[in-house]
Amino acid sequence: MSNNCLRRRFTDNILKHLLNGTSVNVIVPSSSDHEANRFALDIQHASDVRVLIVNMRYCRHSYQQFLADLWRQYKSSSIDDIPDLYHILSEFEQAEQDFIIVLNHLDSMAENDVASEFNLNFYENLNALKNYPNMALLIITKVPYDDMLFKIEGKSQTSKLDIQELEHLPDLTREELHQDLIYRHPSLSDLYVSHFIEQVQLDIGYDYALFDHLSRKLNNSQVATEVDSFIQQLGLWKKQYQSPKLSEYNLKKLVDKMTIYVEILKLKPLFKFFRKKDK
């Protein structure tokens with residue numbers, strides 16, 4: 001397994017299902033696109049089989065682009081004559097290797113601009129993967145696939161997919177972020193690592209999008225030699241970037257404060273009543 005796999009235990013568990021021919025739906029929270037992308041890459045890097053990743057968000061409007069993304073990853077070249085999905089899968093079946101097909105952001109197939117070629121036949125071909133001994137399907141979505149509506153032939157329809165295993169992406173732990181940060185920046189001291197992780201900590205879990213942003217900034221900058229300066233450096237970079245998860249977190253905190261304030265306002269008449277009674 002790759003040394004910089006973010007969620008080692010979880011990724012290993014998903015790979016065991018896939019290598020056994022079990023199709024899997026991994027559910028990732030809506031504010032965690034960065035984590036969905038990273039998880040897909042970790043599956044690719046951690047496996048000894050061919051892992052082909054297609055981002056459905058970018059190709060839902062073009063069936064030909066979907067086929068091209070899949071086929072070019074296999075052939076590793078730009079070609080004009082791209083087979084249909086059935087023949088691509090037949091080609092994979094005859095190859096002397098195993099495949100995992102990852103459809104990331106499959107939620108996009110509910111949008112109005114989904115190409116008409118993503119029809120019932122498309123989903124039947126995906127379901128047929130369970131009949132191929134050397135292929136498995138991983139879909140990454142914001143909600144369980146069977147709770148989704150898919151735009152199929154211009155109509156919103158319930159899932160036509162046959163998925164055997166559903167798993168929720170677990171919250172990141174401090175240890176996982178620590179290991180990932182050390183892999184990216186091996187010269188950082190434990191003290192600097194600790195301060196770094198504190199910058200991305202929420203009440204529950206951590207903000208990976210912000211973590212990744214700060215790490216990239218660190219790659220392109222000279223690290224401050226003084227601890228206080230380093231903390232200020234991180235704080236400045238944090239202000240320059242607002243991730244969806246952090247924005248969602250801050251909104252929740254604001255709503256919680258407003259809720260408490262409203263409850264206090266509701267209780268004010270009661271306080272006045274008891275004060276008068278005491279007098």
# chains A, B, ... in the order shown; residues from 1 in each chain; ligands from 1

call {"tool": "residues_around", "arguments": {"residues": "range 39-49 of chain A", "least_positions_apart": "2", "cutoff": "8 Å", "atoms": "only C-alpha atoms", "output": "list in words"}}
result
Met1, Ser2, Cys5, Leu6, Arg7, Thr11, Leu15, Glu35, Ala36, Asn37, Val51, Leu52, Ile53, Gln97, Asp98, Phe99, Ile100, Val102 and Asn104 of chain A

call {"tool": "residues_around", "arguments": {"residues": "Arg174 in chain A", "least_positions_apart": "4", "cutoff": "10 Å", "atoms": "only C-alpha atoms", "output": "ChimeraX atom specification"}}
result
/A:178-180,194,197-198,201,205-206

call {"tool": "closest_atom_pairs", "arguments": {"of": "range 102-221 of chain A", "to": "range 55-58 of chain A", "cutoff": "12 Å", "atoms": "only C-alpha atoms", "output": "Markdown table"}}
result
| residue | atom | partner | partner_atom | distance |
| --- | --- | --- | --- | --- |
| A:Val102 | CA | A:Asn55 | CA | 8.4 |
| A:Leu103 | CA | A:Asn55 | CA | 6.1 |
| A:Asn104 | CA | A:Asn55 | CA | 4.9 |
| A:His105 | CA | A:Met56 | CA | 5.7 |
| A:Leu106 | CA | A:Met56 | CA | 5.6 |
| A:Asp107 | CA | A:Arg57 | CA | 7.9 |
| A:Ser108 | CA | A:Arg57 | CA | 5.2 |
| A:Met109 | CA | A:Met56 | CA | 7.3 |
| A:Ala110 | CA | A:Arg57 | CA | 10.3 |
| A:Glu111 | CA | A:Arg57 | CA | 9.4 |
| A:Asp113 | CA | A:Arg57 | CA | 10.6 |
| A:Val114 | CA | A:Arg57 | CA | 9.6 |
| A:Ala115 | CA | A:Met56 | CA | 11.3 |
| A:Phe118 | CA | A:Met56 | CA | 11.1 |
| A:Ile139 | CA | A:Met56 | CA | 10.0 |
| A:Ile140 | CA | A:Asn55 | CA | 9.7 |
| A:Thr141 | CA | A:Met56 | CA | 10.4 |

call {"tool": "select_by_dssp", "arguments": {"residues": "range 40-149 of chain A", "states": "alpha helix (DSSP H)", "output": "ChimeraX atom specification"}}
result
/A:40-46,56-59,63-75,85-94,120-127

call {"tool": "write_last_selection", "arguments": {"atoms": "N, CA and C atoms", "output": "CSV table (one decimal), in the first residue's frame"}}
result
chain,number,residue,atom,x,y,z
A,40,ALA,N,-10.2,8.5,-4.1
A,40,ALA,CA,-10.1,7.9,-5.4
A,40,ALA,C,-8.7,7.6,-5.8
A,41,LEU,N,-7.8,8.6,-5.5
A,41,LEU,CA,-6.4,8.5,-5.9
A,41,LEU,C,-5.7,7.5,-5.0
A,42,ASP,N,-6.1,7.5,-3.7
A,42,ASP,CA,-5.5,6.5,-2.8
A,42,ASP,C,-5.8,5.1,-3.2
A,43,ILE,N,-7.1,4.8,-3.7
A,43,ILE,CA,-7.4,3.5,-4.2
A,43,ILE,C,-6.5,3.2,-5.4
A,44,GLN,N,-6.3,4.2,-6.2
A,44,GLN,CA,-5.5,3.9,-7.4
A,44,GLN,C,-4.0,3.6,-7.0
A,45,HIS,N,-3.5,4.4,-6.1
A,45,HIS,CA,-2.1,4.2,-5.7
A,45,HIS,C,-1.8,3.0,-4.8
A,46,ALA,N,-2.9,2.6,-4.1
A,46,ALA,CA,-2.7,1.5,-3.1
A,46,ALA,C,-2.9,0.1,-3.7
A,56,MET,N,-17.4,11.9,-13.1
A,56,MET,CA,-18.7,12.0,-13.8
A,56,MET,C,-19.2,13.5,-13.8
A,57,ARG,N,-18.7,14.3,-12.9
A,57,ARG,CA,-19.0,15.7,-12.9
A,57,ARG,C,-18.6,16.4,-14.2
A,58,TYR,N,-17.5,16.0,-14.7
A,58,TYR,CA,-17.0,16.7,-15.9
A,58,TYR,C,-17.4,16.0,-17.2
A,59,CYS,N,-17.9,14.8,-17.2
A,59,CYS,CA,-18.3,14.2,-18.4
A,59,CYS,C,-19.7,13.8,-18.5
A,63,TYR,N,-21.3,11.7,-23.3
A,63,TYR,CA,-21.1,10.2,-23.2
A,63,TYR,C,-19.8,9.9,-23.9
A,64,GLN,N,-19.5,10.5,-25.0
A,64,GLN,CA,-18.2,10.3,-25.7
A,64,GLN,C,-17.0,10.6,-24.9
A,65,GLN,N,-17.1,11.7,-24.1
A,65,GLN,CA,-16.0,12.1,-23.2
A,65,GLN,C,-15.8,11.0,-22.2
A,66,PHE,N,-16.9,10.5,-21.6
A,66,PHE,CA,-16.9,9.4,-20.6
A,66,PHE,C,-16.1,8.2,-21.2
A,67,LEU,N,-16.5,7.8,-22.4
A,67,LEU,CA,-15.8,6.7,-23.1
A,67,LEU,C,-14.4,7.0,-23.3
A,68,ALA,N,-14.1,8.2,-23.7
A,68,ALA,CA,-12.7,8.6,-24.0
A,68,ALA,C,-11.8,8.6,-22.8
A,69,ASP,N,-12.4,9.1,-21.7
A,69,ASP,CA,-11.6,9.1,-20.4
A,69,ASP,C,-11.3,7.7,-20.0
A,70,LEU,N,-12.2,6.8,-20.1
A,70,LEU,CA,-12.0,5.4,-19.7
A,70,LEU,C,-11.0,4.7,-20.6
A,71,TRP,N,-11.2,4.9,-21.9
A,71,TRP,CA,-10.4,4.2,-22.9
A,71,TRP,C,-9.0,4.6,-22.9
A,72,ARG,N,-8.8,5.9,-22.8
A,72,ARG,CA,-7.4,6.5,-22.9
A,72,ARG,C,-6.6,6.1,-21.7
A,73,GLN,N,-7.3,6.0,-20.5
A,73,GLN,CA,-6.5,5.5,-19.4
A,73,GLN,C,-6.0,4.1,-19.6
A,74,TYR,N,-6.8,3.3,-20.3
A,74,TYR,CA,-6.4,1.9,-20.6
A,74,TYR,C,-5.3,1.8,-21.7
A,75,LYS,N,-5.5,2.6,-22.7
A,75,LYS,CA,-4.6,2.5,-23.8
A,75,LYS,C,-3.4,3.5,-23.7
A,85,LEU,N,-19.2,1.3,-24.7
A,85,LEU,CA,-18.9,0.8,-23.3
A,85,LEU,C,-18.9,-0.8,-23.3
A,86,TYR,N,-19.8,-1.4,-24.0
A,86,TYR,CA,-19.9,-2.8,-24.0
A,86,TYR,C,-18.6,-3.4,-24.5
A,87,HIS,N,-18.0,-2.9,-25.6
A,87,HIS,CA,-16.8,-3.4,-26.2
A,87,HIS,C,-15.6,-3.0,-25.4
A,88,ILE,N,-15.6,-1.9,-24.7
A,88,ILE,CA,-14.5,-1.5,-23.8
A,88,ILE,C,-14.5,-2.6,-22.7
A,89,LEU,N,-15.6,-2.9,-22.1
A,89,LEU,CA,-15.6,-3.9,-21.0
A,89,LEU,C,-15.2,-5.2,-21.5
A,90,SER,N,-15.6,-5.6,-22.7
A,90,SER,CA,-15.2,-6.9,-23.3
A,90,SER,C,-13.7,-6.9,-23.5
A,91,GLU,N,-13.1,-5.8,-23.9
A,91,GLU,CA,-11.6,-5.7,-24.0
A,91,GLU,C,-11.0,-5.9,-22.7
A,92,PHE,N,-11.5,-5.3,-21.6
A,92,PHE,CA,-11.0,-5.4,-20.3
A,92,PHE,C,-11.1,-6.9,-19.9
A,93,GLU,N,-12.2,-7.6,-20.2
A,93,GLU,CA,-12.4,-8.9,-19.8
A,93,GLU,C,-11.3,-9.8,-20.4
A,94,GLN,N,-10.9,-9.6,-21.6
A,94,GLN,CA,-9.9,-10.4,-22.3
A,94,GLN,C,-8.5,-10.1,-21.9
A,120,LEU,N,-30.6,3.5,-19.9
A,120,LEU,CA,-30.7,2.2,-19.1
A,120,LEU,C,-29.6,1.2,-19.5
A,121,ASN,N,-29.3,1.2,-20.8
A,121,ASN,CA,-28.2,0.3,-21.2
A,121,ASN,C,-26.9,0.6,-20.6
A,122,PHE,N,-26.6,1.9,-20.3
A,122,PHE,CA,-25.4,2.3,-19.6
A,122,PHE,C,-25.3,1.7,-18.2
A,123,TYR,N,-26.4,1.7,-17.5
A,123,TYR,CA,-26.5,1.2,-16.1
A,123,TYR,C,-26.5,-0.3,-16.1
A,124,GLU,N,-27.1,-0.9,-17.2
A,124,GLU,CA,-27.0,-2.4,-17.3
A,124,GLU,C,-25.6,-2.9,-17.5
A,125,ASN,N,-24.8,-2.1,-18.3
A,125,ASN,CA,-23.4,-2.5,-18.5
A,125,ASN,C,-22.6,-2.4,-17.2
A,126,LEU,N,-22.9,-1.4,-16.4
A,126,LEU,CA,-22.2,-1.2,-15.1
A,126,LEU,C,-22.6,-2.4,-14.2
A,127,ASN,N,-23.9,-2.8,-14.2
A,127,ASN,CA,-24.3,-3.9,-13.4
A,127,ASN,C,-23.7,-5.2,-13.8

call {"tool": "atom_distance", "arguments": {"atom1": "CA of His168 in chain A", "atom2": "CA of Tyr145 in chain A"}}
result
11.8 Å

call {"tool": "atom_distance", "arguments": {"atom1": "CA of His185 in chain A", "atom2": "CA of Leu172 in chain A"}}
result
18.7 Å

call {"tool": "select_by_dssp", "arguments": {"residues": "range 115-264 of chain A", "states": "strand (DSSP E or B)", "output": "VMD selection string"}}
result
chain A and resid 135 to 141 149 to 152 155 to 158 165 to 168 201 206

call {"tool": "residues_around", "arguments": {"residues": "Tyr192 in chain A", "least_positions_apart": "6", "cutoff": "12 Å", "atoms": "only C-alpha atoms", "output": "PyMOL selection string"}}
result
chain A and resi 178+181-182+185-186+198-199+218+223-231+233-234

call {"tool": "atom_distance", "arguments": {"atom1": "CA of Glu167 in chain A", "atom2": "CA of Asn119 in chain A"}}
result
26.0 Å

call {"tool": "residues_around", "arguments": {"residues": "Ala136 in chain A", "least_positions_apart": "2", "cutoff": "9 Å", "atoms": "only C-alpha atoms", "output": "PyMOL selection string"}}
result
chain A and resi 17-24+98-102+129-130+132-134+138

call {"tool": "decode", "arguments": {"residues": "range 121-132 of chain A", "atoms": "N, CA and C atoms", "output": "mmCIF file, in the first residue's frame"}}
result
data_model
loop_
_atom_site.group_PDB
_atom_site.id
_atom_site.type_symbol
_atom_site.label_atom_id
_atom_site.label_comp_id
_atom_site.auth_asym_id
_atom_site.auth_seq_id
_atom_site.Cartn_x
_atom_site.Cartn_y
_atom_site.Cartn_z
ATOM 1 N N ASN A 121 -29.267 1.222 -20.769
ATOM 2 C CA ASN A 121 -28.219 0.321 -21.237
ATOM 3 C C ASN A 121 -26.880 0.613 -20.554
ATOM 4 N N PHE A 122 -26.619 1.894 -20.315
ATOM 5 C CA PHE A 122 -25.395 2.299 -19.619
ATOM 6 C C PHE A 122 -25.345 1.663 -18.233
ATOM 7 N N TYR A 123 -26.434 1.745 -17.480
ATOM 8 C CA TYR A 123 -26.463 1.194 -16.129
ATOM 9 C C TYR A 123 -26.461 -0.335 -16.145
ATOM 10 N N GLU A 124 -27.056 -0.927 -17.164
ATOM 11 C CA GLU A 124 -27.009 -2.380 -17.294
ATOM 12 C C GLU A 124 -25.580 -2.868 -17.525
ATOM 13 N N ASN A 125 -24.825 -2.099 -18.306
ATOM 14 C CA ASN A 125 -23.420 -2.457 -18.523
ATOM 15 C C ASN A 125 -22.615 -2.367 -17.232
ATOM 16 N N LEU A 126 -22.916 -1.355 -16.414
ATOM 17 C CA LEU A 126 -22.221 -1.241 -15.130
ATOM 18 C C LEU A 126 -22.592 -2.408 -14.211
ATOM 19 N N ASN A 127 -23.870 -2.778 -14.197
ATOM 20 C CA ASN A 127 -24.306 -3.892 -13.358
ATOM 21 C C ASN A 127 -23.693 -5.211 -13.810
ATOM 22 N N ALA A 128 -23.392 -5.298 -15.097
ATOM 23 C CA ALA A 128 -22.815 -6.536 -15.646
ATOM 24 C C ALA A 128 -21.389 -6.766 -15.166
ATOM 25 N N LEU A 129 -20.764 -5.747 -14.576
ATOM 26 C CA LEU A 129 -19.381 -5.908 -14.109
ATOM 27 C C LEU A 129 -19.244 -7.029 -13.085
ATOM 28 N N LYS A 130 -20.320 -7.271 -12.317
ATOM 29 C CA LYS A 130 -20.237 -8.329 -11.310
ATOM 30 C C LYS A 130 -20.096 -9.710 -11.937
ATOM 31 N N ASN A 131 -20.378 -9.805 -13.238
ATOM 32 C CA ASN A 131 -20.239 -11.086 -13.935
ATOM 33 C C ASN A 131 -18.846 -11.290 -14.516
ATOM 34 N N TYR A 132 -18.027 -10.236 -14.450
ATOM 35 C CA TYR A 132 -16.652 -10.342 -14.956
ATOM 36 C C TYR A 132 -15.719 -10.655 -13.786
#
